[in-house]
Amino acid sequence: QALTKISLPDKLKSIGQKAFAYSGLKSVIVPEGVTQLSKEMFRGCKDLTSASFLGDVTVVGNFCFEGCVKLKSLQLAASLKTIGESAFESAGLTTFVVPANVAILPKNVLKATKITSINIPANVEVIGDGAFNGCTALATITFEEGTKDLTIGTLENASTAGSVFYNTKIAVLNLPDRAVLIGGYAFHSQKNLTTVTMGEGSRMKDIGQYAFYQPKLDSGYSLETLTFAPNSALKSIAKAAFRANTKLKELDLPDNIVSIGYEGFARCTSLEKV
């Protein structure tokens with residue numbers, strides 16, 4: 001970790017994978033000619049507090065800033081289109097703006113960061129498993145409406161490690177009409193989440209296993225309001241999707257639903273009306 005400072009030449013066009021990984025860099029200015037940040041380029045740079053980009057960066061590679069625990073903010077260019085898996089995992093980020101041209105927020109992209117809010121632009125079509133897992137300060141999420149379908153996690157995910165929003169502070173979740181799928185364990189273990197709403201124009205079709213599951217009956221954590229539009233496209237609620245939400249009292253299921261999985265609403269001990 002002896003390297004703490006570097007001046008990159010103006011004519012530089014390319015920087016290879018792991019170029020500065022696990023170094024002692026404290027700040028870096030990436031020249032205008034560099035438009036792609038390679039895989040693991042700054043991975044594990046625990047003293048990095050500032051990174052600036054003079055050019056129009058279009059790609060941030062896998063694990064590029066993973067483990068940069070002192071990096072509190074990062075200004076990404078509007079030109080950015082591709083962000084790799086775990087690109088900012090366990091970084092010290094307290095704020096993050098998703099550029100409008102990004103279509104995929106991949107697996108573990110902001111996992112275990114310190115962000116407090118996030119806006120999902122209309123161009124985003126995929127939020128990968130684990131994307132905001134362990135973001136324990138995350139209290140607010142907003143979704144921009146648009147024409148493109150949005151999937152939140154995958155139905156194949158079968159563990160809390162892949163939960164999209166595991167253990168956040170989100171209290172109110174207003175899902176956009178364009179959301180078509182909530183994956184397995186996506187909102188598992190939400191201590192503050194009381195309200196989930198799907199609007200009149202909701203295109204939601206599938207809610208995965210353990211999606212809103214509360215693991216401890218006596219925790220006091222529970223959804224209180226769950227709203228499905230009567231004309232919702234929702235077809236399937238998987239195994240234990242809403243299990244142990246002990247404060248949920250009433251449920252109005254949409255007309256189009258054809259399948260509720262094993263223990264879909266089990267241990268919802270206050271549920272009186274369906």
# chains A, B, ... in the order shown; residues from 1 in each chain; ligands from 1
call {"tool": "residues_around", "arguments": {"residues": "stretch 133-144 of chain A", "least_positions_apart": "4", "cutoff": "9 Å", "atoms": "only C-alpha atoms", "output": "PyMOL selection string"}}
result
chain A and resi 94+108+110-123+129+160-176+186+192
call {"tool": "select_by_dssp", "arguments": {"residues": "stretch 29-267 of chain A", "states": "strand (DSSP E)", "output": "ChimeraX atom specification"}}
result
/A:29-30,36-37,50-53,59-60,82-83,104-105,117-120,126-127,140-143,150-152,172-175,179-182,195-198,206-207,225-227,236-237,259-260
call {"tool": "write_last_selection", "arguments": {"atoms": "N, CA and C atoms", "output": "CSV table (one decimal), in the first residue's frame"}}
result
chain,number,residue,atom,x,y,z
A,29,ILE,N,-7.3,11.4,-10.4
A,29,ILE,CA,-8.0,12.1,-11.5
A,29,ILE,C,-7.8,11.3,-12.7
A,30,VAL,N,-8.8,10.8,-13.3
A,30,VAL,CA,-8.7,9.9,-14.5
A,30,VAL,C,-8.8,10.8,-15.7
A,36,GLN,N,-13.4,3.9,-20.1
A,36,GLN,CA,-13.9,2.6,-19.4
A,36,GLN,C,-13.0,2.4,-18.2
A,37,LEU,N,-13.7,2.2,-17.1
A,37,LEU,CA,-13.0,1.9,-15.8
A,37,LEU,C,-13.0,0.3,-15.7
A,50,SER,N,-11.4,10.4,-3.0
A,50,SER,CA,-11.8,11.2,-4.1
A,50,SER,C,-11.4,10.6,-5.4
A,51,ALA,N,-12.4,10.5,-6.3
A,51,ALA,CA,-12.1,10.0,-7.7
A,51,ALA,C,-12.8,10.9,-8.7
A,52,SER,N,-12.1,11.5,-9.6
A,52,SER,CA,-12.7,12.4,-10.6
A,52,SER,C,-12.4,11.9,-12.0
A,53,PHE,N,-13.3,12.2,-12.9
A,53,PHE,CA,-13.2,11.7,-14.3
A,53,PHE,C,-13.4,12.8,-15.2
A,59,VAL,N,-18.4,3.0,-19.1
A,59,VAL,CA,-18.4,1.6,-18.4
A,59,VAL,C,-17.6,1.7,-17.1
A,60,VAL,N,-18.3,1.2,-16.0
A,60,VAL,CA,-17.6,0.9,-14.7
A,60,VAL,C,-17.6,-0.6,-14.5
A,82,THR,N,-23.1,1.3,-18.6
A,82,THR,CA,-22.9,0.0,-18.0
A,82,THR,C,-22.1,0.1,-16.7
A,83,ILE,N,-22.7,-0.6,-15.7
A,83,ILE,CA,-22.1,-0.7,-14.4
A,83,ILE,C,-22.0,-2.2,-14.1
A,104,ILE,N,-29.3,-1.5,-16.4
A,104,ILE,CA,-29.2,-2.6,-15.5
A,104,ILE,C,-28.4,-2.2,-14.3
A,105,LEU,N,-29.0,-2.4,-13.1
A,105,LEU,CA,-28.3,-2.3,-11.8
A,105,LEU,C,-28.0,-3.7,-11.4
A,117,SER,N,-30.8,7.1,0.4
A,117,SER,CA,-31.9,7.2,-0.6
A,117,SER,C,-31.4,6.8,-2.0
A,118,ILE,N,-32.4,6.4,-2.8
A,118,ILE,CA,-32.0,6.0,-4.2
A,118,ILE,C,-33.2,6.3,-5.1
A,119,ASN,N,-32.9,6.8,-6.3
A,119,ASN,CA,-34.0,7.0,-7.3
A,119,ASN,C,-33.6,6.1,-8.4
A,120,ILE,N,-34.6,5.3,-8.9
A,120,ILE,CA,-34.5,4.4,-10.0
A,120,ILE,C,-35.0,5.0,-11.3
A,126,VAL,N,-33.6,-3.7,-15.0
A,126,VAL,CA,-33.3,-4.8,-14.1
A,126,VAL,C,-32.6,-4.3,-12.9
A,127,ILE,N,-33.0,-4.7,-11.7
A,127,ILE,CA,-32.3,-4.5,-10.5
A,127,ILE,C,-31.9,-5.9,-10.0
A,140,THR,N,-35.3,5.6,1.8
A,140,THR,CA,-36.2,6.0,0.8
A,140,THR,C,-35.8,5.5,-0.6
A,141,ILE,N,-36.8,4.9,-1.3
A,141,ILE,CA,-36.6,4.5,-2.7
A,141,ILE,C,-37.7,5.1,-3.5
A,142,THR,N,-37.4,5.7,-4.6
A,142,THR,CA,-38.4,6.2,-5.6
A,142,THR,C,-38.1,5.5,-7.0
A,143,PHE,N,-39.2,5.3,-7.7
A,143,PHE,CA,-39.1,4.7,-9.0
A,143,PHE,C,-39.7,5.7,-10.0
A,150,LEU,N,-39.9,-3.5,-15.5
A,150,LEU,CA,-38.8,-3.6,-14.5
A,150,LEU,C,-38.9,-4.8,-13.7
A,151,THR,N,-37.8,-5.5,-13.5
A,151,THR,CA,-37.7,-6.7,-12.6
A,151,THR,C,-36.8,-6.4,-11.4
A,152,ILE,N,-37.3,-6.8,-10.2
A,152,ILE,CA,-36.6,-6.5,-9.0
A,152,ILE,C,-36.1,-7.8,-8.4
A,172,VAL,N,-42.0,2.9,3.5
A,172,VAL,CA,-43.1,2.9,2.5
A,172,VAL,C,-42.6,2.5,1.1
A,173,LEU,N,-43.2,1.6,0.5
A,173,LEU,CA,-42.8,1.1,-0.8
A,173,LEU,C,-43.9,1.3,-1.8
A,174,ASN,N,-43.8,2.3,-2.7
A,174,ASN,CA,-44.8,2.5,-3.7
A,174,ASN,C,-44.2,1.9,-5.0
A,175,LEU,N,-44.6,0.8,-5.4
A,175,LEU,CA,-44.0,0.1,-6.6
A,175,LEU,C,-44.6,0.8,-7.9
A,179,ALA,N,-43.2,-2.2,-12.8
A,179,ALA,CA,-42.6,-3.4,-12.2
A,179,ALA,C,-43.4,-4.7,-12.5
A,180,VAL,N,-42.8,-5.7,-13.0
A,180,VAL,CA,-43.5,-6.9,-13.4
A,180,VAL,C,-43.1,-8.1,-12.5
A,181,LEU,N,-42.0,-8.0,-11.7
A,181,LEU,CA,-41.6,-9.1,-10.9
A,181,LEU,C,-40.8,-8.7,-9.7
A,182,ILE,N,-41.1,-9.3,-8.6
A,182,ILE,CA,-40.3,-9.1,-7.4
A,182,ILE,C,-39.7,-10.5,-7.0
A,195,THR,N,-45.9,-0.3,4.7
A,195,THR,CA,-46.8,-0.1,3.6
A,195,THR,C,-46.2,-0.5,2.2
A,196,VAL,N,-46.9,-1.4,1.5
A,196,VAL,CA,-46.6,-1.7,0.1
A,196,VAL,C,-47.8,-1.5,-0.7
A,197,THR,N,-47.6,-0.7,-1.8
A,197,THR,CA,-48.7,-0.4,-2.7
A,197,THR,C,-48.4,-0.6,-4.1
A,198,MET,N,-49.3,-1.3,-4.8
A,198,MET,CA,-49.2,-1.5,-6.3
A,198,MET,C,-50.4,-0.8,-6.9
A,206,ASP,N,-45.5,-11.6,-10.9
A,206,ASP,CA,-45.0,-12.6,-10.0
A,206,ASP,C,-44.3,-12.0,-8.8
A,207,ILE,N,-44.6,-12.6,-7.6
A,207,ILE,CA,-43.9,-12.2,-6.4
A,207,ILE,C,-43.2,-13.5,-5.8
A,225,THR,N,-50.1,-2.4,5.8
A,225,THR,CA,-51.0,-2.2,4.7
A,225,THR,C,-50.4,-2.8,3.4
A,226,LEU,N,-51.1,-3.6,2.7
A,226,LEU,CA,-50.7,-4.2,1.5
A,226,LEU,C,-51.8,-4.0,0.5
A,227,THR,N,-51.5,-3.2,-0.6
A,227,THR,CA,-52.6,-2.8,-1.5
A,227,THR,C,-52.3,-3.4,-2.9
A,236,SER,N,-49.1,-14.8,-9.6
A,236,SER,CA,-48.6,-15.7,-8.7
A,236,SER,C,-47.9,-15.1,-7.5
A,237,ILE,N,-48.2,-15.6,-6.3
A,237,ILE,CA,-47.5,-15.3,-5.0
A,237,ILE,C,-46.9,-16.6,-4.5
A,259,SER,N,-52.4,-18.4,-8.3
A,259,SER,CA,-51.6,-19.3,-7.5
A,259,SER,C,-51.0,-18.5,-6.3
A,260,ILE,N,-51.3,-19.1,-5.1
A,260,ILE,CA,-50.7,-18.7,-3.8
A,260,ILE,C,-49.9,-19.8,-3.3
call {"tool": "atom_distance", "arguments": {"atom1": "atom CA of A:Gly44", "atom2": "atom CA of A:Ala2"}}
result
13.7 Å
call {"tool": "closest_residue", "arguments": {"among": "A:Asn231, A:Thr35, A:Leu74, A:Ala211", "to": "A:Phe265", "atoms": "only C-alpha atoms"}}
result
A:Ala211
call {"tool": "atom_distance", "arguments": {"atom1": "atom CA of A:Val274", "atom2": "atom CA of A:His188"}}
result
22.7 Å
call {"tool": "atom_distance", "arguments": {"atom1": "atom CA of A:Gly184", "atom2": "atom CA of A:Gly261"}}
result
12.5 Å
call {"tool": "residues_around", "arguments": {"residues": "A:Lys249", "least_positions_apart": "3", "cutoff": "6 Å", "atoms": "only C-alpha atoms", "output": "list in words"}}
result
Ser270, Leu271 and Glu272 of chain A
call {"tool": "residues_around", "arguments": {"residues": "A:Lys39", "least_positions_apart": "3", "cutoff": "12 Å", "atoms": "only C-alpha atoms", "output": "VMD selection string"}}
result
chain A and resid 15 to 21 36 42 to 43 59 to 66 83 to 88
call {"tool": "write_last_selection", "arguments": {"atoms": "N, CA, C and O atoms", "output": "tab-separated table (two decimals), in the first residue's frame"}}
result
chain	number	residue	atom	x	y	z
A	15	ILE	N	-6.63	1.88	-19.00
A	15	ILE	CA	-6.04	1.42	-17.73
A	15	ILE	C	-6.53	0.00	-17.50
A	15	ILE	O	-7.74	-0.26	-17.53
A	16	GLY	N	-5.63	-0.92	-17.27
A	16	GLY	CA	-5.97	-2.34	-17.19
A	16	GLY	C	-6.62	-2.76	-15.88
A	16	GLY	O	-6.70	-1.99	-14.91
A	17	GLN	N	-7.07	-4.01	-15.87
A	17	GLN	CA	-7.72	-4.58	-14.70
A	17	GLN	C	-6.78	-4.56	-13.49
A	17	GLN	O	-5.57	-4.80	-13.62
A	18	LYS	N	-7.34	-4.25	-12.35
A	18	LYS	CA	-6.62	-4.28	-11.07
A	18	LYS	C	-5.43	-3.31	-11.03
A	18	LYS	O	-4.53	-3.47	-10.20
A	19	ALA	N	-5.44	-2.31	-11.90
A	19	ALA	CA	-4.27	-1.43	-12.03
A	19	ALA	C	-3.83	-0.81	-10.70
A	19	ALA	O	-2.63	-0.71	-10.42
A	20	PHE	N	-4.79	-0.41	-9.87
A	20	PHE	CA	-4.45	0.23	-8.60
A	20	PHE	C	-5.07	-0.50	-7.41
A	20	PHE	O	-5.17	0.04	-6.31
A	21	ALA	N	-5.49	-1.74	-7.63
A	21	ALA	CA	-6.18	-2.51	-6.58
A	21	ALA	C	-5.32	-2.64	-5.33
A	21	ALA	O	-4.10	-2.88	-5.41
A	36	GLN	N	-13.45	3.86	-20.10
A	36	GLN	CA	-13.88	2.63	-19.45
A	36	GLN	C	-13.01	2.39	-18.21
A	36	GLN	O	-11.78	2.40	-18.29
A	42	PHE	N	-9.91	-0.08	-8.83
A	42	PHE	CA	-9.57	0.54	-7.54
A	42	PHE	C	-10.03	-0.34	-6.37
A	42	PHE	O	-10.21	0.14	-5.26
A	43	ARG	N	-10.21	-1.59	-6.62
A	43	ARG	CA	-10.72	-2.49	-5.58
A	43	ARG	C	-9.83	-2.47	-4.34
A	43	ARG	O	-8.61	-2.54	-4.43
A	59	VAL	N	-18.37	2.96	-19.05
A	59	VAL	CA	-18.39	1.65	-18.39
A	59	VAL	C	-17.64	1.72	-17.07
A	59	VAL	O	-16.53	2.26	-17.00
A	60	VAL	N	-18.26	1.16	-16.02
A	60	VAL	CA	-17.58	0.93	-14.74
A	60	VAL	C	-17.57	-0.59	-14.54
A	60	VAL	O	-18.62	-1.22	-14.46
A	61	GLY	N	-16.41	-1.17	-14.47
A	61	GLY	CA	-16.27	-2.62	-14.45
A	61	GLY	C	-16.64	-3.28	-13.13
A	61	GLY	O	-16.81	-2.61	-12.10
A	62	ASN	N	-16.74	-4.60	-13.16
A	62	ASN	CA	-17.03	-5.39	-11.97
A	62	ASN	C	-16.03	-5.08	-10.85
A	62	ASN	O	-14.83	-5.00	-11.10
A	63	PHE	N	-16.54	-4.89	-9.64
A	63	PHE	CA	-15.71	-4.70	-8.44
A	63	PHE	C	-14.78	-3.48	-8.54
A	63	PHE	O	-13.80	-3.39	-7.82
A	64	CYS	N	-15.10	-2.54	-9.41
A	64	CYS	CA	-14.19	-1.42	-9.67
A	64	CYS	C	-13.84	-0.64	-8.41
A	64	CYS	O	-12.67	-0.33	-8.17
A	65	PHE	N	-14.83	-0.32	-7.58
A	65	PHE	CA	-14.60	0.45	-6.35
A	65	PHE	C	-14.98	-0.36	-5.11
A	65	PHE	O	-15.19	0.20	-4.04
A	66	GLU	N	-15.04	-1.66	-5.24
A	66	GLU	CA	-15.43	-2.51	-4.11
A	66	GLU	C	-14.44	-2.32	-2.96
A	66	GLU	O	-13.21	-2.34	-3.14
A	83	ILE	N	-22.75	-0.58	-15.68
A	83	ILE	CA	-22.12	-0.71	-14.37
A	83	ILE	C	-22.00	-2.20	-14.08
A	83	ILE	O	-22.97	-2.95	-14.21
A	84	GLY	N	-20.83	-2.66	-13.67
A	84	GLY	CA	-20.59	-4.07	-13.43
A	84	GLY	C	-21.04	-4.55	-12.07
A	84	GLY	O	-21.32	-3.76	-11.16
A	85	GLU	N	-21.07	-5.85	-11.90
A	85	GLU	CA	-21.44	-6.47	-10.64
A	85	GLU	C	-20.49	-6.02	-9.51
A	85	GLU	O	-19.28	-5.90	-9.71
A	86	SER	N	-21.09	-5.74	-8.36
A	86	SER	CA	-20.33	-5.37	-7.17
A	86	SER	C	-19.43	-4.16	-7.38
A	86	SER	O	-18.44	-3.98	-6.65
A	87	ALA	N	-19.77	-3.32	-8.34
A	87	ALA	CA	-18.90	-2.20	-8.69
A	87	ALA	C	-18.61	-1.29	-7.51
A	87	ALA	O	-17.51	-0.77	-7.36
A	88	PHE	N	-19.61	-1.10	-6.63
A	88	PHE	CA	-19.44	-0.21	-5.48
A	88	PHE	C	-19.70	-0.93	-4.15
A	88	PHE	O	-19.89	-0.29	-3.13
call {"tool": "decode", "arguments": {"residues": "stretch 188-210 of chain A", "atoms": "N, CA and C atoms", "output": "compact mmCIF listing (two decimals), in the first residue's frame"}}
result
# COMPACT_ATOMS: atom_id res chain seq x y z
N HIS A 188 -36.88 -9.18 2.15
CA HIS A 188 -36.81 -9.99 3.37
C HIS A 188 -36.22 -9.17 4.52
N SER A 189 -36.78 -9.32 5.71
CA SER A 189 -36.24 -8.71 6.93
C SER A 189 -36.21 -7.19 6.87
N GLN A 190 -37.37 -6.60 6.64
CA GLN A 190 -37.49 -5.14 6.65
C GLN A 190 -38.02 -4.69 8.00
N LYS A 191 -37.20 -4.01 8.78
CA LYS A 191 -37.59 -3.63 10.12
C LYS A 191 -38.59 -2.48 10.16
N ASN A 192 -38.57 -1.63 9.13
CA ASN A 192 -39.43 -0.44 9.15
C ASN A 192 -40.57 -0.48 8.14
N LEU A 193 -40.57 -1.44 7.25
CA LEU A 193 -41.54 -1.45 6.16
C LEU A 193 -42.95 -1.75 6.67
N THR A 194 -43.85 -0.78 6.49
CA THR A 194 -45.23 -0.95 6.94
C THR A 194 -46.23 -0.93 5.79
N THR A 195 -45.85 -0.33 4.66
CA THR A 195 -46.82 -0.12 3.58
C THR A 195 -46.23 -0.51 2.24
N VAL A 196 -46.93 -1.36 1.52
CA VAL A 196 -46.58 -1.72 0.15
C VAL A 196 -47.79 -1.47 -0.74
N THR A 197 -47.60 -0.70 -1.80
CA THR A 197 -48.71 -0.35 -2.68
C THR A 197 -48.36 -0.64 -4.13
N MET A 198 -49.29 -1.29 -4.81
CA MET A 198 -49.22 -1.48 -6.26
C MET A 198 -50.42 -0.76 -6.86
N GLY A 199 -50.16 0.17 -7.75
CA GLY A 199 -51.18 1.07 -8.26
C GLY A 199 -52.17 0.43 -9.24
N GLU A 200 -53.11 1.25 -9.66
CA GLU A 200 -54.20 0.78 -10.54
C GLU A 200 -53.69 0.21 -11.85
N GLY A 201 -52.58 0.75 -12.34
CA GLY A 201 -52.04 0.29 -13.62
C GLY A 201 -50.92 -0.73 -13.48
N SER A 202 -50.83 -1.36 -12.32
CA SER A 202 -49.71 -2.28 -12.05
C SER A 202 -49.64 -3.43 -13.05
N ARG A 203 -48.42 -3.67 -13.55
CA ARG A 203 -48.18 -4.79 -14.46
C ARG A 203 -47.50 -5.96 -13.74
N MET A 204 -47.47 -5.91 -12.41
CA MET A 204 -46.85 -6.96 -11.61
C MET A 204 -47.49 -8.32 -11.90
N LYS A 205 -46.63 -9.33 -12.18
CA LYS A 205 -47.12 -10.68 -12.48
C LYS A 205 -46.71 -11.71 -11.42
N ASP A 206 -45.49 -11.57 -10.88
CA ASP A 206 -44.97 -12.59 -9.98
C ASP A 206 -44.30 -11.97 -8.76
N ILE A 207 -44.59 -12.56 -7.60
CA ILE A 207 -43.90 -12.21 -6.36
C ILE A 207 -43.24 -13.49 -5.84
N GLY A 208 -41.93 -13.46 -5.69
CA GLY A 208 -41.16 -14.65 -5.39
C GLY A 208 -41.22 -15.10 -3.95
N GLN A 209 -40.61 -16.25 -3.70
CA GLN A 209 -40.61 -16.86 -2.37
C GLN A 209 -39.93 -15.96 -1.34
N TYR A 210 -40.54 -15.90 -0.16
CA TYR A 210 -40.01 -15.16 0.98
C TYR A 210 -39.76 -13.68 0.66
